[in-house]
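To keep things clear, I will list the structure first and then write my remarks on it.
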Amino acid sequence: MKLIAGLTCLLATPAVAQFDCVLKDRSCVANCAQTEVRFDIDEAQFADPQDPNDPPRRQVTMVTQNNATFAATAIMMPHGVRGFHEDAGELGSRLMIVQADGAARLTLQPDNVTLVGQCTQQR
């Protein structure tokens with residue numbers, strides 16, 4: 001019986017998807033610098049609250065962009081769309097959207113720069 005309970009817990013482990021992305025400035029045509037972005041989406045963070053009176057929860061992901069690491073709000077939308085948003089106030093913001101096929105877009109403000117590329121997802 002303990003074996004069955006242990007296997008049930010193992011199978012019930014929340015799904016964490018890791019995204020590894022390589023992006024470049026969409027306006028660049030030759031010798032483009034690449035930006036590497038990595039982040040995780042823990043789908044368990046998006047579960048409905050057990051008590052409807054619970055306060056809203058922030059879904060957080062840790063992001064690595066080249067050599068910088070920062071916390072951002074995780075995004076999980078229908079049809080496999082994932083991403084994150086970081087708002088640093090007057091310093092700017094970053095919005096990353098990854099489509100189900102891995103096509104990715106990272107918008108950096110206030111620089112008004114859009115990076116595009118591809119992400120691979122691992123579970």
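Every chain in the structure tokens takes a letter, A first, then B, and so on in the order presented; its residues are numbered from 1, and the ligands are numbered from 1 following the presented order.
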So that I can check the surroundings of Val116 (chain A), please list as a PDB file with C-alpha atoms, in the first residue's frame every protein, DNA and RNA residue that reaches within 7 Å of it, counting only C-alpha atoms and ignoring chain neighbours fewer than 4 positions away.
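Contents of part.pdb, as written:
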```pdb
ATOM      1  CA  LEU A  23      16.905  35.559 -29.348  1.00  0.00           C
ATOM      2  CA  LYS A  24      18.209  38.383 -31.532  1.00  0.00           C
ATOM      3  CA  ASP A  25      17.086  41.930 -32.283  1.00  0.00           C
ATOM      4  CA  ARG A  26      14.362  41.725 -34.921  1.00  0.00           C
ATOM      5  CA  ALA A 104       9.432  33.737 -28.873  1.00  0.00           C
ATOM      6  CA  ARG A 105       9.321  37.510 -28.556  1.00  0.00           C
ATOM      7  CA  LEU A 106      10.911  39.614 -25.804  1.00  0.00           C
TER       8      LEU A 106
END
```
Contacts of Thr35 (chain A) at 9 Å or less, counting only C-alpha atoms, minus same-chain residues fewer than 2 places along, as a short mmCIF file (atom, residue, chain, number, x, y, z; two decimals) with C-alpha atoms, in the first residue's frame?
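Writing done, so here's selection01.cif:
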```
data_model
loop_
_atom_site.label_atom_id
_atom_site.label_comp_id
_atom_site.auth_asym_id
_atom_site.auth_seq_id
_atom_site.Cartn_x
_atom_site.Cartn_y
_atom_site.Cartn_z
CA CYS A 21 15.67 30.54 -25.58
CA VAL A 22 18.01 32.14 -28.09
CA LEU A 23 16.90 35.56 -29.35
CA LYS A 24 18.21 38.38 -31.53
CA ASP A 25 17.09 41.93 -32.28
CA ALA A 33 24.27 39.47 -31.13
CA VAL A 37 17.00 33.63 -21.85
CA GLN A 65 18.96 36.77 -19.37
CA ASN A 66 22.58 36.42 -20.45
CA LEU A 115 14.04 40.41 -29.65
#
```
- [ ] List every residue of region 2-112 of chain A that DSSP, applied to the backbone of this structure, assigns to helix (DSSP H, G or I), and report them as a ChimeraX atom specification.
- [x] /A:2-11,43-46,78-80,89-91
